[in-house]
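Engineer: Pasting a structure here, questions to come.
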Amino acid sequence: SAVFFLKPHTDEAIGKVLAEFERSKCLSVHHTVGNHELMNFDRGTLLKLLFSHRKDVGLDKLYYSFRPIKSWRFVLIDSFELSVERHDKDSAAYHEAKRLIDNNNPNIARGRNWFKDISKDRQRFVPYNGGLGKEQIKWINNELKEATIEGERVVILSHQPLTPEAASCQTVLWNYPEVLSLIEKFECVCMVIAGHYHNGGYVKDKNGCHHVTVKACLTCEEGAYGTLDVYDDRIVLRGRGAIPKEEVYHLRVVI
């Protein structure tokens with residue numbers, strides 16, 4: 001199920017959220033776009049509301065990186081660059097998204113149960129998921145190369161998980177095999193933080209990268225949020241509400 005607001009409730013709801021960020025004592029605030037935002041706002045509106053302070057993003061580039069402290073780089077990706085949600089139906093991104101769904105899950109066009117008789121490896125091709133375009137994948141590759149040269153550790157932030165092992169086969173990035181194969185080439189990537197899969201999940205991959213899927217505050221009455229403390233040898237997630245009070249993720253030694 002999904003939550004839709006009819007105006008003026010849409011603007012009122014996001015206004016309340018943004019007002020809380022304004023009150024925050026955080027030095028900076030960063031956003032990633034998910035399907036719930038795209039169900040209620042088009043990308044142009046989200047660009048104005050969430051990214052107006054940044055000069056390195058645009059209507060077709062809602063992804064960027066930042067360095068909060070020395071030796072750490074956070075890479076925020078747009079996991080709905082390819083999406084059928086609120087895209088201009090004449091855009092190349094929309095047509096590519098529709099092609100991927102039609103080729104992998106004919107139930108959508110037929111109006112049938114989305115998952116009936118669809119193999120698990122194709123169940124991710126549904127409208128509430130999305131994918132990365134070729135230019136964004138190239139950009140990620142360049143970011144990770146640069147981080148490696150600079151001796152930085154990297155945390156990737158994505159609304160959608162990048163592996164079904166930290167979520168489910170129905171709530172993962174469309175082209176996750178390609179993206180996962182890319183980041184596994186770089187020892188600098190130590191953690192991927194995602195949402196989307198409301199139950200939350202976790203896996204440490206074969207290279208020691210931690211994939212953390214945070215539970216959804218939407219379905220947790222007690223809330224679900226936390227803070228990250230980063231150290232040379234570990235990351236500590238200090239949770240509130242449904243998030244554990246303290247989770248320690250030990251980092252591999254990068255040579």
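Numbering starts fresh at 1 for the residues of each chain in the structure tokens, the chains themselves are lettered A, B, ... in the order given, and ligands are numbered from 1 as they appear.
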What's the 10 Å shell around A:Thr148, counting only C-alpha atoms, without same-chain residues fewer than 5 positions away, as JSON, numbers by chain?
Structural biologist: {"A": [142, 143, 153, 154, 186, 187, 188, 189, 254]}
Engineer: Give me the residues of stretch 58-107 of chain A that have any atom at most 10 Å from an atom of stretch 132-140 of chain A; for each, the nearest atom pair and the distance in Å, rounded to one decimal. Use only C-alpha atoms, sort by chain and number, and format it as CSV.
Structural biologist:
residue,atom,partner,partner_atom,distance
A:Asp60,CA,A:Gln136,CA,9.9
A:Lys61,CA,A:Gln136,CA,8.0
A:Leu62,CA,A:Gln136,CA,9.7
A:Tyr63,CA,A:Gln136,CA,8.0
A:Tyr64,CA,A:Trp139,CA,9.0
A:Ser65,CA,A:Ile140,CA,9.4
A:Val75,CA,A:Ile140,CA,7.9
A:Leu76,CA,A:Ile140,CA,9.5
A:Ile77,CA,A:Gln136,CA,8.0
A:Asp78,CA,A:Leu132,CA,7.0
A:Ser79,CA,A:Leu132,CA,5.7
A:Phe80,CA,A:Leu132,CA,6.7
A:Glu81,CA,A:Leu132,CA,5.4
A:Leu82,CA,A:Leu132,CA,5.9
A:Ser83,CA,A:Leu132,CA,9.1
A:Ala93,CA,A:Gly133,CA,7.9
A:Glu96,CA,A:Gly133,CA,9.2
A:Ala97,CA,A:Gly133,CA,9.8
Engineer: Please produce a file of those selected residues containing N, CA, C and O atoms, as a short mmCIF file (atom, residue, chain, number, x, y, z; two decimals), in the first residue's frame.
Structural biologist:
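Produced file again05.cif, reproduced below:
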data_model
loop_
_atom_site.label_atom_id
_atom_site.label_comp_id
_atom_site.auth_asym_id
_atom_site.auth_seq_id
_atom_site.Cartn_x
_atom_site.Cartn_y
_atom_site.Cartn_z
N ASP A 60 17.78 16.01 -13.83
CA ASP A 60 18.16 14.65 -14.21
C ASP A 60 19.38 14.16 -13.45
O ASP A 60 20.01 13.17 -13.83
N LYS A 61 19.73 14.85 -12.36
CA LYS A 61 20.89 14.44 -11.56
C LYS A 61 20.64 14.73 -10.08
O LYS A 61 21.17 15.68 -9.51
N LEU A 62 19.83 13.91 -9.47
CA LEU A 62 19.55 14.05 -8.04
C LEU A 62 20.48 13.13 -7.24
O LEU A 62 20.05 12.37 -6.38
N TYR A 63 21.77 13.21 -7.54
CA TYR A 63 22.77 12.43 -6.81
C TYR A 63 24.04 13.25 -6.70
O TYR A 63 24.34 14.08 -7.57
N TYR A 64 24.77 13.03 -5.61
CA TYR A 64 25.99 13.81 -5.37
C TYR A 64 26.75 13.15 -4.22
O TYR A 64 26.28 12.18 -3.60
N SER A 65 27.91 13.70 -3.88
CA SER A 65 28.69 13.20 -2.74
C SER A 65 29.11 14.37 -1.87
O SER A 65 29.10 15.52 -2.31
N VAL A 75 28.35 9.01 -0.49
CA VAL A 75 27.86 9.04 -1.86
C VAL A 75 26.36 8.78 -1.85
O VAL A 75 25.90 7.70 -1.46
N LEU A 76 25.58 9.80 -2.23
CA LEU A 76 24.12 9.70 -2.25
C LEU A 76 23.67 9.42 -3.68
O LEU A 76 23.94 10.22 -4.58
N ILE A 77 23.00 8.31 -3.88
CA ILE A 77 22.60 7.95 -5.24
C ILE A 77 21.09 8.11 -5.42
O ILE A 77 20.33 8.11 -4.46
N ASP A 78 20.69 8.27 -6.66
CA ASP A 78 19.29 8.39 -7.03
C ASP A 78 18.84 7.04 -7.56
O ASP A 78 19.01 6.73 -8.74
N SER A 79 18.24 6.23 -6.68
CA SER A 79 17.87 4.88 -7.08
C SER A 79 16.57 4.83 -7.88
O SER A 79 16.11 3.76 -8.27
N PHE A 80 15.99 6.01 -8.16
CA PHE A 80 14.80 6.09 -9.01
C PHE A 80 15.06 6.96 -10.23
O PHE A 80 14.14 7.59 -10.76
N GLU A 81 16.32 6.99 -10.67
CA GLU A 81 16.61 7.71 -11.90
C GLU A 81 15.81 7.12 -13.05
O GLU A 81 15.25 7.85 -13.89
N LEU A 82 15.74 5.80 -13.11
CA LEU A 82 14.84 5.10 -14.04
C LEU A 82 13.61 4.69 -13.25
O LEU A 82 13.70 3.90 -12.31
N SER A 83 12.47 5.25 -13.60
CA SER A 83 11.27 5.01 -12.81
C SER A 83 10.04 5.37 -13.62
O SER A 83 10.09 6.25 -14.48
N ALA A 93 14.10 8.32 -19.72
CA ALA A 93 14.13 7.57 -18.47
C ALA A 93 12.84 6.80 -18.25
O ALA A 93 12.85 5.64 -17.83
N GLU A 96 12.71 3.82 -20.76
CA GLU A 96 13.61 2.73 -20.36
C GLU A 96 13.04 1.98 -19.17
O GLU A 96 13.11 0.75 -19.11
N ALA A 97 12.44 2.71 -18.22
CA ALA A 97 11.82 2.07 -17.06
C ALA A 97 10.67 1.16 -17.49
O ALA A 97 10.55 0.02 -17.03
#
Engineer: Give the answer as one residue: which of A:Lys185, A:Lys245, A:His36, A:His30 has the shortest atom-to-atom distance to A:Lys145, using only C-alpha atoms?
Structural biologist: A:Lys185
Engineer: What separation in Å, quoted to one decimal, exists between atom CA of A:Thr213 and atom CA of A:Tyr128?
Structural biologist: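 Distance between the two atoms: 16.8 Å.
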Engineer: Among stretch 29-79 of chain A, which ones does DSSP assign to helix (DSSP H, G or I) (computed from the backbone)? Answer as a PyMOL selection string.
Structural biologist: chain A and resi 35-40+43-50
Engineer: Compare A:Asn175, A:Asn113, A:Ser52, A:Asn129 by their minimum atom-to-atom distance to A:Val84, counting only C-alpha atoms, and give me the closest one.
Structural biologist: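 Comparing A:Asn175, A:Asn113, A:Ser52, A:Asn129 against A:Val84, the winner is A:Asn129.
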Engineer: Just how far from atom CA of A:Leu162 is atom CA of A:Val126, in Å to one decimal?
Structural biologist: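 Interatomic distance, atom CA of A:Val126 to atom CA of A:Leu162: 15.7 Å.
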Engineer: Please, which residues of stretch 51-224 of chain A, numbered as in this document, come out strand (DSSP E or B) from DSSP, as a PyMOL selection string?
Structural biologist: chain A and resi 58+61+64-66+72-76+82+131+153-157+189-194+201-204+210-213+224
Engineer: What's the 10 Å shell around A:Leu46, counting only C-alpha atoms, without same-chain residues fewer than 6 positions away, as a PyMOL selection string?
Structural biologist: chain A and resi 33+37-38+40+52+59+62
Engineer: Restricting it to C-alpha atoms, dump the selection as a compact mmCIF listing (two decimals), in the first residue's frame.
Structural biologist:
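The result, written out as out38.txt:
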# COMPACT_ATOMS: atom_id res chain seq x y z
CA VAL A 33 14.66 10.54 -3.11
CA GLU A 37 8.28 11.26 -2.52
CA LEU A 38 7.80 10.53 -6.22
CA ASN A 40 3.39 12.85 -4.28
CA SER A 52 17.92 24.14 -3.94
CA LEU A 59 16.42 17.69 -12.73
CA LEU A 62 19.55 14.05 -8.04
Engineer: Choose the residue, out of A:Asn105, A:Ser91, A:Thr163, A:Gln170, that has the smallest atom-to-atom separation from A:Val192; count only C-alpha atoms.
Structural biologist: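 Among the listed residues, A:Thr163 lies closest to A:Val192.
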Engineer: Grab the atom CA of A:Glu152 to atom CA of A:Ala224 distance for me, in Å with one decimal place.
Structural biologist: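 These two atoms are separated by 28.7 Å.
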Engineer: What's around A:Cys209 at 10 Å? Count only C-alpha atoms, leave out sequence neighbours fewer than 4 positions away in its own chain, and write the answer as a list in words.
Structural biologist: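 The residues that qualify are Val155, Ile183, Glu184, Phe186, Glu187, Cys188, Val189, Cys190, Met191, Val192, Val203, Lys204, Asp205, Tyr249, His250, Leu251 and Arg252 of chain A.
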Engineer: Can those selected residues be exported to a file as a CSV table (one decimal), in the first residue's frame so that it contains all heavy atoms?
Structural biologist:
chain,number,residue,atom,x,y,z
A,155,VAL,N,30.7,5.6,2.4
A,155,VAL,CA,29.4,5.1,2.8
A,155,VAL,C,28.5,5.5,1.6
A,155,VAL,O,28.4,6.7,1.3
A,155,VAL,CB,28.9,5.7,4.1
A,155,VAL,CG1,27.5,5.3,4.4
A,155,VAL,CG2,29.9,5.3,5.2
A,183,ILE,N,30.6,-1.8,-7.0
A,183,ILE,CA,31.1,-1.4,-5.7
A,183,ILE,C,32.0,-2.5,-5.1
A,183,ILE,O,32.9,-2.1,-4.3
A,183,ILE,CB,30.0,-0.9,-4.8
A,183,ILE,CG1,29.1,-2.1,-4.4
A,183,ILE,CG2,29.2,0.2,-5.4
A,183,ILE,CD1,28.1,-1.7,-3.4
A,184,GLU,N,31.8,-3.7,-5.4
A,184,GLU,CA,32.6,-4.8,-4.9
A,184,GLU,C,34.0,-4.7,-5.3
A,184,GLU,O,34.9,-5.3,-4.8
A,184,GLU,CB,32.0,-6.1,-5.2
A,184,GLU,CG,30.7,-6.4,-4.3
A,184,GLU,CD,30.1,-7.8,-4.7
A,184,GLU,OE1,30.5,-8.4,-5.7
A,184,GLU,OE2,29.3,-8.3,-3.9
A,186,PHE,N,35.8,-2.1,-5.2
A,186,PHE,CA,36.5,-1.0,-4.4
A,186,PHE,C,36.5,-1.3,-2.9
A,186,PHE,O,35.4,-1.4,-2.3
A,186,PHE,CB,35.8,0.3,-4.7
A,186,PHE,CG,36.0,0.8,-6.1
A,186,PHE,CD1,35.0,0.5,-7.1
A,186,PHE,CD2,37.0,1.6,-6.5
A,186,PHE,CE1,35.1,0.9,-8.4
A,186,PHE,CE2,37.2,2.0,-7.8
A,186,PHE,CZ,36.2,1.7,-8.7
A,187,GLU,N,37.7,-1.5,-2.4
A,187,GLU,CA,37.8,-1.7,-0.9
A,187,GLU,C,37.4,-0.5,-0.1
A,187,GLU,O,37.1,-0.6,1.1
A,187,GLU,CB,39.2,-2.1,-0.6
A,187,GLU,CG,39.6,-3.5,-1.1
A,187,GLU,CD,41.0,-3.9,-0.6
A,187,GLU,OE1,41.7,-3.0,-0.1
A,187,GLU,OE2,41.3,-5.1,-0.7
A,188,CYS,N,37.3,0.7,-0.7
A,188,CYS,CA,37.0,1.9,0.0
A,188,CYS,C,35.5,1.9,0.5
A,188,CYS,O,35.2,2.6,1.5
A,188,CYS,CB,37.3,3.1,-0.8
A,188,CYS,SG,36.3,3.2,-2.3
A,189,VAL,N,34.7,1.1,-0.2
A,189,VAL,CA,33.2,1.1,0.2
A,189,VAL,C,33.1,0.2,1.4
A,189,VAL,O,33.2,-1.0,1.4
A,189,VAL,CB,32.3,0.6,-0.9
A,189,VAL,CG1,30.9,0.7,-0.5
A,189,VAL,CG2,32.6,1.5,-2.2
A,190,CYS,N,32.7,0.8,2.6
A,190,CYS,CA,32.6,0.0,3.8
A,190,CYS,C,31.2,-0.2,4.2
A,190,CYS,O,30.9,-1.1,5.1
A,190,CYS,CB,33.4,0.7,4.9
A,190,CYS,SG,32.9,2.4,5.3
A,191,MET,N,30.2,0.6,3.7
A,191,MET,CA,28.8,0.5,4.2
A,191,MET,C,27.9,1.0,3.1
A,191,MET,O,28.2,2.0,2.4
A,191,MET,CB,28.6,1.2,5.5
A,191,MET,CG,27.2,1.1,6.0
A,191,MET,SD,27.0,1.8,7.7
A,191,MET,CE,27.6,0.5,8.7
A,192,VAL,N,26.8,0.4,3.0
A,192,VAL,CA,25.6,0.9,2.2
A,192,VAL,C,24.4,1.0,3.1
A,192,VAL,O,24.0,0.0,3.7
A,192,VAL,CB,25.3,-0.1,1.0
A,192,VAL,CG1,24.1,0.4,0.2
A,192,VAL,CG2,26.5,-0.2,0.0
A,203,VAL,N,23.3,-7.5,5.8
A,203,VAL,CA,24.2,-8.6,5.4
A,203,VAL,C,25.6,-7.9,5.3
A,203,VAL,O,25.7,-6.7,4.9
A,203,VAL,CB,23.8,-9.2,4.1
A,203,VAL,CG1,23.9,-8.2,2.9
A,203,VAL,CG2,24.5,-10.5,3.8
A,204,LYS,N,26.6,-8.7,5.6
A,204,LYS,CA,28.0,-8.3,5.3
A,204,LYS,C,28.4,-9.1,4.1
A,204,LYS,O,28.4,-10.3,4.1
A,204,LYS,CB,28.9,-8.5,6.5
A,204,LYS,CG,30.3,-8.0,6.2
A,204,LYS,CD,31.2,-8.0,7.5
A,204,LYS,CE,31.6,-9.3,8.0
A,204,LYS,NZ,32.6,-9.3,9.1
A,205,ASP,N,28.8,-8.4,3.0
A,205,ASP,CA,29.1,-9.1,1.8
A,205,ASP,C,30.5,-9.8,1.9
A,205,ASP,O,31.2,-9.6,2.9
A,205,ASP,CB,29.0,-8.2,0.5
A,205,ASP,CG,30.0,-7.1,0.4
A,205,ASP,OD1,31.1,-7.2,1.1
A,205,ASP,OD2,29.8,-6.1,-0.3
A,249,TYR,N,29.7,-1.9,13.7
A,249,TYR,CA,30.1,-2.6,12.4
A,249,TYR,C,31.7,-2.4,12.2
A,249,TYR,O,32.1,-1.2,12.0
A,249,TYR,CB,29.4,-1.9,11.2
A,249,TYR,CG,27.9,-2.0,11.3
A,249,TYR,CD1,27.2,-0.9,11.9
A,249,TYR,CD2,27.2,-3.1,11.0
A,249,TYR,CE1,25.8,-1.0,12.0
A,249,TYR,CE2,25.8,-3.2,11.1
A,249,TYR,CZ,25.1,-2.1,11.6
A,249,TYR,OH,23.8,-2.2,11.8
A,250,HIS,N,32.4,-3.5,12.4
A,250,HIS,CA,33.8,-3.4,12.3
A,250,HIS,C,34.2,-3.3,10.8
A,250,HIS,O,33.7,-3.9,9.9
A,250,HIS,CB,34.5,-4.6,12.9
A,250,HIS,CG,34.2,-4.6,14.4
A,250,HIS,ND1,34.9,-3.8,15.3
A,250,HIS,CD2,33.4,-5.4,15.2
A,250,HIS,CE1,34.5,-4.1,16.5
A,250,HIS,NE2,33.6,-5.0,16.5
A,251,LEU,N,35.2,-2.5,10.5
A,251,LEU,CA,35.7,-2.2,9.2
A,251,LEU,C,36.9,-3.0,8.8
A,251,LEU,O,37.8,-3.2,9.6
A,251,LEU,CB,35.9,-0.7,9.0
A,251,LEU,CG,34.8,0.2,9.4
A,251,LEU,CD1,35.2,1.7,9.1
A,251,LEU,CD2,33.5,-0.1,8.6
A,252,ARG,N,37.0,-3.5,7.6
A,252,ARG,CA,38.1,-4.2,7.1
A,252,ARG,C,39.3,-3.2,7.0
A,252,ARG,O,39.1,-2.0,6.8
A,252,ARG,CB,37.8,-4.8,5.7
A,252,ARG,CG,37.4,-3.8,4.7
A,252,ARG,CD,36.9,-4.4,3.4
A,252,ARG,NE,36.3,-3.5,2.5
A,252,ARG,CZ,35.7,-3.8,1.4
A,252,ARG,NH1,35.5,-5.0,1.1
A,252,ARG,NH2,35.2,-2.8,0.6
Engineer: Rank A:Arg112, A:Asp42, A:Thr227, A:Arg238 by their smallest atom-to-atom distance to A:Cys26, using only C-alpha atoms, and report the top residue only.
Structural biologist: A:Thr227
Engineer: Taking 2 positions as the minimum chain separation for residues in the same chain, which residues sit within 12 Å of A:Glu221 when counting only C-alpha atoms? Answer as a list in words.
Structural biologist: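 Answer for this query is Lys215, Ala216, Cys217, Leu218, Thr219, Gly223, Ala224, Tyr225, Arg240, Gly241, Ala242 and Ile243 of chain A.
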Engineer: Save the residues we just selected, N, CA, C and O atoms, as a PDB file, in the first residue's frame?
Structural biologist:
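So the final result, stored in result-v2.pdb, reads:
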ATOM      1  N   LYS A 215      14.842   0.064   9.229  1.00  0.00           N
ATOM      2  CA  LYS A 215      13.395  -0.103   9.302  1.00  0.00           C
ATOM      3  C   LYS A 215      12.689   1.210   8.970  1.00  0.00           C
ATOM      4  O   LYS A 215      13.226   2.288   9.171  1.00  0.00           O
ATOM      5  N   ALA A 216      11.456   1.107   8.490  1.00  0.00           N
ATOM      6  CA  ALA A 216      10.702   2.290   8.072  1.00  0.00           C
ATOM      7  C   ALA A 216       9.976   2.918   9.251  1.00  0.00           C
ATOM      8  O   ALA A 216       9.216   2.244   9.952  1.00  0.00           O
ATOM      9  N   CYS A 217      10.196   4.213   9.450  1.00  0.00           N
ATOM     10  CA  CYS A 217       9.468   4.920  10.510  1.00  0.00           C
ATOM     11  C   CYS A 217       7.975   4.939  10.198  1.00  0.00           C
ATOM     12  O   CYS A 217       7.137   5.058  11.104  1.00  0.00           O
ATOM     13  N   LEU A 218       7.625   4.781   8.922  1.00  0.00           N
ATOM     14  CA  LEU A 218       6.228   4.756   8.496  1.00  0.00           C
ATOM     15  C   LEU A 218       5.438   3.640   9.172  1.00  0.00           C
ATOM     16  O   LEU A 218       4.240   3.769   9.431  1.00  0.00           O
ATOM     17  N   THR A 219       6.117   2.532   9.480  1.00  0.00           N
ATOM     18  CA  THR A 219       5.426   1.361  10.052  1.00  0.00           C
ATOM     19  C   THR A 219       5.839   1.072  11.494  1.00  0.00           C
ATOM     20  O   THR A 219       5.459   0.039  12.039  1.00  0.00           O
ATOM     21  N   GLY A 223       8.854   4.969  16.192  1.00  0.00           N
ATOM     22  CA  GLY A 223       9.857   5.675  15.409  1.00  0.00           C
ATOM     23  C   GLY A 223      10.990   4.748  15.018  1.00  0.00           C
ATOM     24  O   GLY A 223      11.121   3.625  15.526  1.00  0.00           O
ATOM     25  N   ALA A 224      11.831   5.192  14.101  1.00  0.00           N
ATOM     26  CA  ALA A 224      12.975   4.385  13.646  1.00  0.00           C
ATOM     27  C   ALA A 224      14.016   5.334  13.058  1.00  0.00           C
ATOM     28  O   ALA A 224      13.906   5.753  11.917  1.00  0.00           O
ATOM     29  N   TYR A 225      15.004   5.674  13.859  1.00  0.00           N
ATOM     30  CA  TYR A 225      16.040   6.593  13.399  1.00  0.00           C
ATOM     31  C   TYR A 225      17.267   6.427  14.268  1.00  0.00           C
ATOM     32  O   TYR A 225      17.255   5.687  15.264  1.00  0.00           O
ATOM     33  N   ARG A 240      17.315   4.736  17.813  1.00  0.00           N
ATOM     34  CA  ARG A 240      16.190   5.163  18.633  1.00  0.00           C
ATOM     35  C   ARG A 240      14.953   4.442  18.121  1.00  0.00           C
ATOM     36  O   ARG A 240      14.858   4.091  16.953  1.00  0.00           O
ATOM     37  N   GLY A 241      13.997   4.229  18.994  1.00  0.00           N
ATOM     38  CA  GLY A 241      12.774   3.552  18.589  1.00  0.00           C
ATOM     39  C   GLY A 241      13.039   2.117  18.189  1.00  0.00           C
ATOM     40  O   GLY A 241      13.614   1.336  18.957  1.00  0.00           O
ATOM     41  N   ALA A 242      12.659   1.765  16.973  1.00  0.00           N
ATOM     42  CA  ALA A 242      12.790   0.381  16.499  1.00  0.00           C
ATOM     43  C   ALA A 242      14.205   0.021  16.083  1.00  0.00           C
ATOM     44  O   ALA A 242      14.485  -1.148  15.808  1.00  0.00           O
ATOM     45  N   ILE A 243      15.111   0.991  16.050  1.00  0.00           N
ATOM     46  CA  ILE A 243      16.499   0.722  15.686  1.00  0.00           C
ATOM     47  C   ILE A 243      17.269   0.348  16.957  1.00  0.00           C
ATOM     48  O   ILE A 243      17.138   1.017  17.983  1.00  0.00           O
TER      49      ILE A 243
END
Engineer: From the set A:Val179, A:Leu50, A:Cys169, A:Val248, which residue has the shortest atom-to-atom contact distance to A:Leu228, counting only C-alpha atoms?
Structural biologist: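 Residue with the minimum atom-to-atom distance to A:Leu228: A:Val248.
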Engineer: Could you pull the residues within 10 Å of A:Val172, counting only C-alpha atoms, minus those fewer than 2 positions along the same chain, as a tab-separated table (two decimals) with C-alpha atoms, in the first residue's frame?
Structural biologist:
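So selection.tsv came out as:
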chain	number	residue	atom	x	y	z
A	79	SER	CA	17.87	4.88	-7.08
A	123	GLN	CA	10.04	-9.88	-9.02
A	124	ARG	CA	11.95	-6.64	-8.47
A	125	PHE	CA	10.59	-5.28	-11.76
A	128	TYR	CA	7.51	0.93	-6.79
A	129	ASN	CA	11.14	0.08	-7.58
A	130	GLY	CA	13.56	1.78	-9.94
A	131	GLY	CA	17.05	1.75	-11.35
A	159	HIS	CA	16.65	4.63	-0.84
A	160	GLN	CA	16.60	1.16	-2.40
A	161	PRO	CA	18.82	-1.65	-1.11
A	162	LEU	CA	21.59	-2.81	-3.44
A	163	THR	CA	21.31	-6.49	-2.53
A	164	PRO	CA	18.26	-8.68	-1.86
A	165	GLU	CA	20.17	-10.29	1.01
A	166	ALA	CA	19.62	-7.10	3.00
A	167	ALA	CA	15.99	-6.78	1.89
A	168	SER	CA	13.88	-9.01	-0.35
A	169	CYS	CA	13.72	-9.95	-4.01
A	170	GLN	CA	10.72	-7.63	-4.37
A	174	TRP	CA	16.34	-3.14	-10.76
A	175	ASN	CA	19.97	-3.25	-11.92
A	176	TYR	CA	21.47	-4.16	-8.57
A	194	ALA	CA	19.23	1.94	2.51
A	195	GLY	CA	15.52	1.94	3.33
A	196	HIS	CA	12.52	0.92	1.18
A	197	TYR	CA	12.18	-2.57	2.69
